[in-house]
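Have a look at run_25.pdb below; it lists PDB, C-alpha atoms and all ligand atoms.
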```
MODEL        1
ATOM      1  CA  MET A   1      -7.667  -5.864   7.073  1.00  0.00           C
ATOM      2  CA  TYR A   2      -7.396  -4.463   3.576  1.00  0.00           C
ATOM      3  CA  LYS A   3      -9.894  -2.943   1.196  1.00  0.00           C
ATOM      4  CA  LEU A   4      -9.979  -1.661  -2.384  1.00  0.00           C
ATOM      5  CA  LEU A   5     -11.490   1.830  -2.506  1.00  0.00           C
ATOM      6  CA  ASN A   6     -13.022   3.700  -5.447  1.00  0.00           C
ATOM      7  CA  PHE A   7     -12.552   7.448  -5.187  1.00  0.00           C
ATOM      8  CA  ALA A   8     -14.987  10.086  -6.388  1.00  0.00           C
ATOM      9  CA  VAL A   9     -13.691  11.706  -9.573  1.00  0.00           C
ATOM     10  CA  HIS A  10     -14.357  15.330 -10.453  1.00  0.00           C
ATOM     11  CA  GLY A  11     -13.885  15.280 -14.179  1.00  0.00           C
ATOM     12  CA  ASP A  12     -14.829  17.413 -17.138  1.00  0.00           C
ATOM     13  CA  HIS A  13     -13.385  18.372 -20.517  1.00  0.00           C
ATOM     14  CA  SER A  14     -10.379  19.960 -18.784  1.00  0.00           C
ATOM     15  CA  GLY A  15      -9.314  16.769 -17.026  1.00  0.00           C
ATOM     16  CA  ASN A  16      -9.811  14.847 -13.802  1.00  0.00           C
ATOM     17  CA  LEU A  17      -9.285  15.517 -10.124  1.00  0.00           C
ATOM     18  CA  VAL A  18      -9.456  13.231  -7.096  1.00  0.00           C
ATOM     19  CA  ALA A  19      -9.432  14.719  -3.592  1.00  0.00           C
ATOM     20  CA  LEU A  20      -8.567  12.451  -0.669  1.00  0.00           C
ATOM     21  CA  GLU A  21     -10.116  13.658   2.563  1.00  0.00           C
ATOM     22  CA  LYS A  22      -9.668  12.308   6.060  1.00  0.00           C
ATOM     23  CA  GLY A  23     -12.912  10.772   7.312  1.00  0.00           C
ATOM     24  CA  VAL A  24     -14.157  10.238   3.762  1.00  0.00           C
ATOM     25  CA  ASP A  25     -11.409   8.420   1.859  1.00  0.00           C
ATOM     26  CA  TYR A  26      -9.119   7.451   4.740  1.00  0.00           C
ATOM     27  CA  VAL A  27      -9.461   7.423   8.505  1.00  0.00           C
ATOM     28  CA  PHE A  28      -5.984   7.930   9.976  1.00  0.00           C
ATOM     29  CA  ASP A  29      -3.767  10.957  10.533  1.00  0.00           C
ATOM     30  CA  VAL A  30      -1.274  11.111   7.667  1.00  0.00           C
ATOM     31  CA  LEU A  31       2.218  11.519   9.160  1.00  0.00           C
ATOM     32  CA  ARG A  32       4.161  10.536   6.057  1.00  0.00           C
ATOM     33  CA  ILE A  33       3.747  10.441   2.283  1.00  0.00           C
ATOM     34  CA  TYR A  34       6.151   8.633   0.007  1.00  0.00           C
ATOM     35  CA  TYR A  35       6.176   7.591  -3.619  1.00  0.00           C
ATOM     36  CA  ILE A  36       7.908   4.939  -5.657  1.00  0.00           C
ATOM     37  CA  TRP A  37       8.834   5.114  -9.323  1.00  0.00           C
ATOM     38  CA  GLY A  38      11.450   3.818 -11.730  1.00  0.00           C
ATOM     39  CA  THR A  39      10.937   0.280 -10.461  1.00  0.00           C
ATOM     40  CA  GLU A  40      12.190  -2.513 -12.687  1.00  0.00           C
ATOM     41  CA  LYS A  41       9.425  -4.678 -14.144  1.00  0.00           C
ATOM     42  CA  ASN A  42      10.779  -7.839 -12.515  1.00  0.00           C
ATOM     43  CA  ALA A  43      11.424  -6.278  -9.103  1.00  0.00           C
ATOM     44  CA  ILE A  44       9.605  -7.563  -6.051  1.00  0.00           C
ATOM     45  CA  ARG A  45       9.096  -4.813  -3.480  1.00  0.00           C
ATOM     46  CA  GLY A  46       7.494  -5.006  -0.091  1.00  0.00           C
ATOM     47  CA  LYS A  47       7.777  -8.536   1.292  1.00  0.00           C
ATOM     48  CA  HIS A  48       6.867  -7.373   4.760  1.00  0.00           C
ATOM     49  CA  ALA A  49       4.024  -6.602   7.144  1.00  0.00           C
ATOM     50  CA  HIS A  50       3.726  -3.926   9.832  1.00  0.00           C
ATOM     51  CA  ASN A  51       2.918  -3.991  13.534  1.00  0.00           C
ATOM     52  CA  LYS A  52       1.169  -0.663  13.596  1.00  0.00           C
ATOM     53  CA  LEU A  53       1.167   1.117  10.238  1.00  0.00           C
ATOM     54  CA  LYS A  54      -1.957   1.924   8.242  1.00  0.00           C
ATOM     55  CA  GLN A  55      -1.566   2.960   4.612  1.00  0.00           C
ATOM     56  CA  LEU A  56      -3.500   4.173   1.642  1.00  0.00           C
ATOM     57  CA  ILE A  57      -1.760   3.092  -1.564  1.00  0.00           C
ATOM     58  CA  VAL A  58      -2.565   4.768  -4.883  1.00  0.00           C
ATOM     59  CA  CYS A  59      -1.103   3.946  -8.278  1.00  0.00           C
ATOM     60  CA  LEU A  60      -0.971   7.433  -9.825  1.00  0.00           C
ATOM     61  CA  SER A  61       0.482   6.370 -13.171  1.00  0.00           C
ATOM     62  CA  GLY A  62       0.970   3.068 -14.996  1.00  0.00           C
ATOM     63  CA  SER A  63       0.161  -0.171 -13.232  1.00  0.00           C
ATOM     64  CA  CYS A  64       1.432  -2.763 -10.790  1.00  0.00           C
ATOM     65  CA  ASP A  65       0.218  -5.758  -8.795  1.00  0.00           C
ATOM     66  CA  PHE A  66      -0.250  -5.742  -5.038  1.00  0.00           C
ATOM     67  CA  THR A  67      -0.468  -9.104  -3.371  1.00  0.00           C
ATOM     68  CA  LEU A  68      -1.991  -8.872   0.092  1.00  0.00           C
ATOM     69  CA  ASP A  69      -2.010 -11.744   2.545  1.00  0.00           C
ATOM     70  CA  ASN A  70      -3.688 -11.752   5.960  1.00  0.00           C
ATOM     71  CA  GLY A  71      -2.400 -15.186   6.880  1.00  0.00           C
ATOM     72  CA  SER A  72      -5.457 -17.072   5.656  1.00  0.00           C
ATOM     73  CA  ASP A  73      -6.285 -15.395   2.346  1.00  0.00           C
ATOM     74  CA  ARG A  74      -3.987 -14.087  -0.364  1.00  0.00           C
ATOM     75  CA  GLN A  75      -5.433 -11.673  -2.915  1.00  0.00           C
ATOM     76  CA  VAL A  76      -3.840  -9.954  -5.904  1.00  0.00           C
ATOM     77  CA  PHE A  77      -4.955  -6.435  -6.835  1.00  0.00           C
ATOM     78  CA  HIS A  78      -3.968  -5.049 -10.223  1.00  0.00           C
ATOM     79  CA  LEU A  79      -3.846  -1.282  -9.688  1.00  0.00           C
ATOM     80  CA  GLU A  80      -3.944   0.729 -12.881  1.00  0.00           C
ATOM     81  CA  SER A  81      -5.991   3.813 -12.094  1.00  0.00           C
ATOM     82  CA  PRO A  82      -5.544   6.855  -9.842  1.00  0.00           C
ATOM     83  CA  THR A  83      -9.267   6.560  -9.122  1.00  0.00           C
ATOM     84  CA  GLN A  84      -8.635   3.554  -6.884  1.00  0.00           C
ATOM     85  CA  GLY A  85      -6.704   3.047  -3.687  1.00  0.00           C
ATOM     86  CA  LEU A  86      -5.810   0.153  -1.454  1.00  0.00           C
ATOM     87  CA  TYR A  87      -6.327   0.697   2.248  1.00  0.00           C
ATOM     88  CA  VAL A  88      -4.025  -1.661   4.129  1.00  0.00           C
ATOM     89  CA  GLU A  89      -3.920  -2.011   7.901  1.00  0.00           C
ATOM     90  CA  ASP A  90      -1.336  -3.566  10.186  1.00  0.00           C
ATOM     91  CA  PHE A  91      -0.543  -7.307  10.083  1.00  0.00           C
ATOM     92  CA  VAL A  92      -1.048  -7.706   6.331  1.00  0.00           C
ATOM     93  CA  TRP A  93       1.825  -9.233   4.360  1.00  0.00           C
ATOM     94  CA  ARG A  94       2.359  -7.342   1.087  1.00  0.00           C
ATOM     95  CA  GLU A  95       4.346  -7.902  -2.066  1.00  0.00           C
ATOM     96  CA  PHE A  96       4.437  -5.520  -5.026  1.00  0.00           C
ATOM     97  CA  THR A  97       5.274  -6.846  -8.497  1.00  0.00           C
ATOM     98  CA  ASN A  98       4.680  -6.395 -12.233  1.00  0.00           C
ATOM     99  CA  PHE A  99       5.550  -2.700 -12.399  1.00  0.00           C
ATOM    100  CA  SER A 100       4.984  -0.947 -15.708  1.00  0.00           C
ATOM    101  CA  GLY A 101       7.766   1.399 -16.815  1.00  0.00           C
ATOM    102  CA  ASP A 102       5.614   4.458 -16.091  1.00  0.00           C
ATOM    103  CA  CYS A 103       4.372   3.238 -12.707  1.00  0.00           C
ATOM    104  CA  ILE A 104       4.254   5.813  -9.900  1.00  0.00           C
ATOM    105  CA  VAL A 105       2.860   4.636  -6.570  1.00  0.00           C
ATOM    106  CA  MET A 106       2.000   7.110  -3.826  1.00  0.00           C
ATOM    107  CA  VAL A 107       1.533   5.951  -0.232  1.00  0.00           C
ATOM    108  CA  LEU A 108      -0.144   7.853   2.592  1.00  0.00           C
ATOM    109  CA  ALA A 109       1.048   6.453   5.908  1.00  0.00           C
ATOM    110  CA  SER A 110      -0.179   6.781   9.484  1.00  0.00           C
ATOM    111  CA  GLU A 111       3.289   6.739  11.119  1.00  0.00           C
ATOM    112  CA  HIS A 112       6.753   8.097  10.599  1.00  0.00           C
ATOM    113  CA  TYR A 113       9.249   5.684   9.076  1.00  0.00           C
ATOM    114  CA  ASP A 114      10.289   3.186  11.741  1.00  0.00           C
ATOM    115  CA  GLU A 115      12.261   0.072  10.847  1.00  0.00           C
ATOM    116  CA  THR A 116      11.204  -1.572  14.143  1.00  0.00           C
ATOM    117  CA  ASP A 117       7.588  -1.545  12.895  1.00  0.00           C
ATOM    118  CA  TYR A 118       8.489  -3.876  10.012  1.00  0.00           C
ATOM    119  CA  ILE A 119       7.925  -7.642  10.105  1.00  0.00           C
ATOM    120  CA  ARG A 120      10.241  -8.894   7.363  1.00  0.00           C
ATOM    121  CA  ASN A 121      10.078 -12.632   7.999  1.00  0.00           C
ATOM    122  CA  TYR A 122       6.977 -14.444   6.679  1.00  0.00           C
ATOM    123  CA  ASP A 123       7.137 -17.245   9.251  1.00  0.00           C
ATOM    124  CA  LYS A 124       7.393 -14.686  12.034  1.00  0.00           C
ATOM    125  CA  PHE A 125       4.390 -12.857  10.533  1.00  0.00           C
ATOM    126  CA  LEU A 126       2.342 -16.092  10.614  1.00  0.00           C
ATOM    127  CA  GLU A 127       3.437 -16.671  14.196  1.00  0.00           C
ATOM    128  CA  LEU A 128       2.437 -13.146  15.274  1.00  0.00           C
ATOM    129  CA  ILE A 129      -1.089 -13.263  13.803  1.00  0.00           C
ATOM    130  CA  LYS A 130      -1.990 -16.569  15.469  1.00  0.00           C
TER     131      LYS A 130
HETATM  132  P1  LIG A 201      11.095  -0.393   1.931  1.00  0.00           P
HETATM  133  O1  LIG A 201      10.029  -0.041   2.914  1.00  0.00           O
HETATM  134  O2  LIG A 201      11.812  -1.687   2.132  1.00  0.00           O
HETATM  135  O3  LIG A 201      10.488  -0.329   0.462  1.00  0.00           O
HETATM  136  P2  LIG A 201       9.439  -1.345  -0.256  1.00  0.00           P
HETATM  137  O4  LIG A 201       8.544  -1.899   0.807  1.00  0.00           O
HETATM  138  O5  LIG A 201       8.707  -0.504  -1.241  1.00  0.00           O
HETATM  139  O6  LIG A 201      10.230  -2.412  -0.926  1.00  0.00           O
HETATM  140  O7  LIG A 201      12.132   0.810   1.890  1.00  0.00           O
HETATM  141  C1  LIG A 201      13.164   0.896   0.946  1.00  0.00           C
HETATM  142  C2  LIG A 201      14.245   1.819   1.499  1.00  0.00           C
HETATM  143  O8  LIG A 201      13.757   3.144   1.711  1.00  0.00           O
HETATM  144  C3  LIG A 201      14.788   1.357   2.848  1.00  0.00           C
HETATM  145  O9  LIG A 201      16.196   1.611   2.861  1.00  0.00           O
HETATM  146  C4  LIG A 201      14.107   2.253   3.846  1.00  0.00           C
HETATM  147  C5  LIG A 201      13.875   3.518   3.069  1.00  0.00           C
HETATM  148  N1  LIG A 201      12.635   4.211   3.486  1.00  0.00           N
HETATM  149  C6  LIG A 201      12.713   5.410   4.192  1.00  0.00           C
HETATM  150  O10 LIG A 201      13.810   5.894   4.518  1.00  0.00           O
HETATM  151  N2  LIG A 201      11.561   6.054   4.525  1.00  0.00           N
HETATM  152  C7  LIG A 201      10.347   5.553   4.193  1.00  0.00           C
HETATM  153  O11 LIG A 201       9.308   6.177   4.502  1.00  0.00           O
HETATM  154  C8  LIG A 201      10.273   4.307   3.472  1.00  0.00           C
HETATM  155  C9  LIG A 201       8.948   3.704   3.081  1.00  0.00           C
HETATM  156  C10 LIG A 201      11.447   3.688   3.134  1.00  0.00           C
ENDMDL
END
```
Can I see the file as structure tokens?
Amino acid sequence: MYKLLNFAVHGDHSGNLVALEKGVDYVFDVLRIYYIWGTEKNAIRGKHAHNKLKQLIVCLSGSCDFTLDNGSDRQVFHLESPTQGLYVEDFVWREFTNFSGDCIVMVLASEHYDETDYIRNYDKFLELIK
């Protein structure tokens, strides 16, 4: 399962603020936060799914494309605003492309980093979700 979320923005003449709260904007315990920047425009990141991990992905600066695939549907999300986030659950294949030079992506994750949680082979992913 994946879902595009629109966050509430507290904005006035002095600028904007988004607060992400458990139970309102995301539903899992955040055990890890990481961010990605300085990605080459032509790079393809991701190319994996997870067995267990839930994530909230926010493009804080610039823009990039997130292709999400649940085995039957493939959808491309162009993220270009810190007011939006992509909630992505386990067993979703993801690929990240088309990074702008100023792109910074922040990810809130429900688990510690664990390489054994990764499914890095697309055929195996299709097999597992049958
Ligand atoms: P990877 O998950 O493959 O990045 P992406 O999906 O964005 O292409 O991780 C890239 C490298 O960073 C890999 O060597 C593992 C390491 N890494 C950590 O050590 N901790 C983490 O939380 C993450 C996400 C990656």
Using all atoms listed in the file: which of A:Gly71, A:Gly15, A:Gly23, A:Gly62 has the shortest distance to Leu126 of chain A: A:Gly71
Can you pull out every residue within 7 Å of segment 94-100 of chain A, counting only C-alpha atoms, but drop anything in the same chain fewer than 5 positions away, and send it as a JSON list (two decimals) with C-alpha atoms, keeping the file's coordinate frame?
```
[["chain", "number", "residue", "atom", "x", "y", "z"],
["A", 39, "THR", "CA", 10.94, 0.28, -10.46],
["A", 40, "GLU", "CA", 12.19, -2.51, -12.69],
["A", 41, "LYS", "CA", 9.43, -4.68, -14.14],
["A", 42, "ASN", "CA", 10.78, -7.84, -12.52],
["A", 43, "ALA", "CA", 11.42, -6.28, -9.10],
["A", 44, "ILE", "CA", 9.60, -7.56, -6.05],
["A", 45, "ARG", "CA", 9.10, -4.81, -3.48],
["A", 46, "GLY", "CA", 7.49, -5.01, -0.09],
["A", 47, "LYS", "CA", 7.78, -8.54, 1.29],
["A", 48, "HIS", "CA", 6.87, -7.37, 4.76],
["A", 49, "ALA", "CA", 4.02, -6.60, 7.14],
["A", 62, "GLY", "CA", 0.97, 3.07, -15.00],
["A", 63, "SER", "CA", 0.16, -0.17, -13.23],
["A", 64, "CYS", "CA", 1.43, -2.76, -10.79],
["A", 65, "ASP", "CA", 0.22, -5.76, -8.80],
["A", 66, "PHE", "CA", -0.25, -5.74, -5.04],
["A", 67, "THR", "CA", -0.47, -9.10, -3.37],
["A", 68, "LEU", "CA", -1.99, -8.87, 0.09],
["A", 69, "ASP", "CA", -2.01, -11.74, 2.54]]
```
For Met106 of chain A, the nearest of the candidates A:Asn6, A:Ser14, A:Asn51, A:Gln84, counting all atoms listed in the file: A:Gln84
Which residue of A:Leu53, A:Cys59, A:Val76, A:Leu86 approaches Ile119 of chain A most closely, using only C-alpha atoms: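 Ranked by minimum distance to Ile119 of chain A, first place goes to A:Leu53.
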Point (-2.9, 7.5, 1.8) neighbourhood (6 Å, all atoms listed in the file) written as an NGL selection string: :A and (55-57 or 107-109)
Atom-to-atom span, atom CA of Lys3 of chain A and atom C6 of ligand LIG 201 (chain A), Å: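 Rounded to one decimal, the two atoms are 24.3 Å apart.
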Length of the atom O4 of ligand LIG 201 (chain A) to atom CA of Tyr122 of chain A vector [Å]: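 Distance reported for this atom pair: 13.9 Å.
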Closest of A:Glu111, A:Asp90, A:Glu127, A:Asp25 to ligand LIG 201 (chain A) - atom-to-atom distances counting all atoms listed in the file: A:Glu111
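Among A:His13, A:His112, A:His50, A:His78, the residue with the shortest atom-to-atom distance to ligand LIG 201 (chain A), counting all atoms listed in the file, is A:His112.
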As AutoDock Vina command-line options, please report the centre and edge lengths, rounded to one decimal in Å, of the axis-aligned box that holds all listed atoms of ligand LIG 201 (chain A) with 3 Å of padding on each of the six sides.
```
--center_x 12.4 --center_y 1.9 --center_z 1.6 --size_x 13.7 --size_y 14.6 --size_z 11.8
```
Selection: 12 Å around Lys130 of chain A, all atoms listed in the file, excl. self and same-chain fewer than 5 positions, as a list in words: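 The residues satisfying every condition are Asn70, Gly71, Ser72, Phe91, Asp123, Lys124 and Phe125 of chain A.
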Distance of atom CA of Leu31 of chain A from atom CA of Asn121 of chain A, expressed in Å to one decimal place: 25.4 Å
Using all atoms listed in the file: which of A:Glu115, A:Asp29, A:Glu80, A:Glu89 has the shortest distance to ligand LIG 201 (chain A): A:Glu115
Place a sphere of radius 9 Å on (8.0, 9.9, -3.1) in the file coordinates and name every protein, DNA or RNA residue with an atom inside or on its surface, counting all atoms listed in the file; give the answer as a PDB file with C-alpha atoms, in the frame of the given file.
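Output saved as part.pdb:
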```
ATOM      1  CA  ILE A  33       3.747  10.441   2.283  1.00  0.00           C
ATOM      2  CA  TYR A  34       6.151   8.633   0.007  1.00  0.00           C
ATOM      3  CA  TYR A  35       6.176   7.591  -3.619  1.00  0.00           C
ATOM      4  CA  ILE A  36       7.908   4.939  -5.657  1.00  0.00           C
ATOM      5  CA  TRP A  37       8.834   5.114  -9.323  1.00  0.00           C
ATOM      6  CA  ILE A 104       4.254   5.813  -9.900  1.00  0.00           C
ATOM      7  CA  VAL A 105       2.860   4.636  -6.570  1.00  0.00           C
ATOM      8  CA  MET A 106       2.000   7.110  -3.826  1.00  0.00           C
ATOM      9  CA  VAL A 107       1.533   5.951  -0.232  1.00  0.00           C
TER      10      VAL A 107
END
```
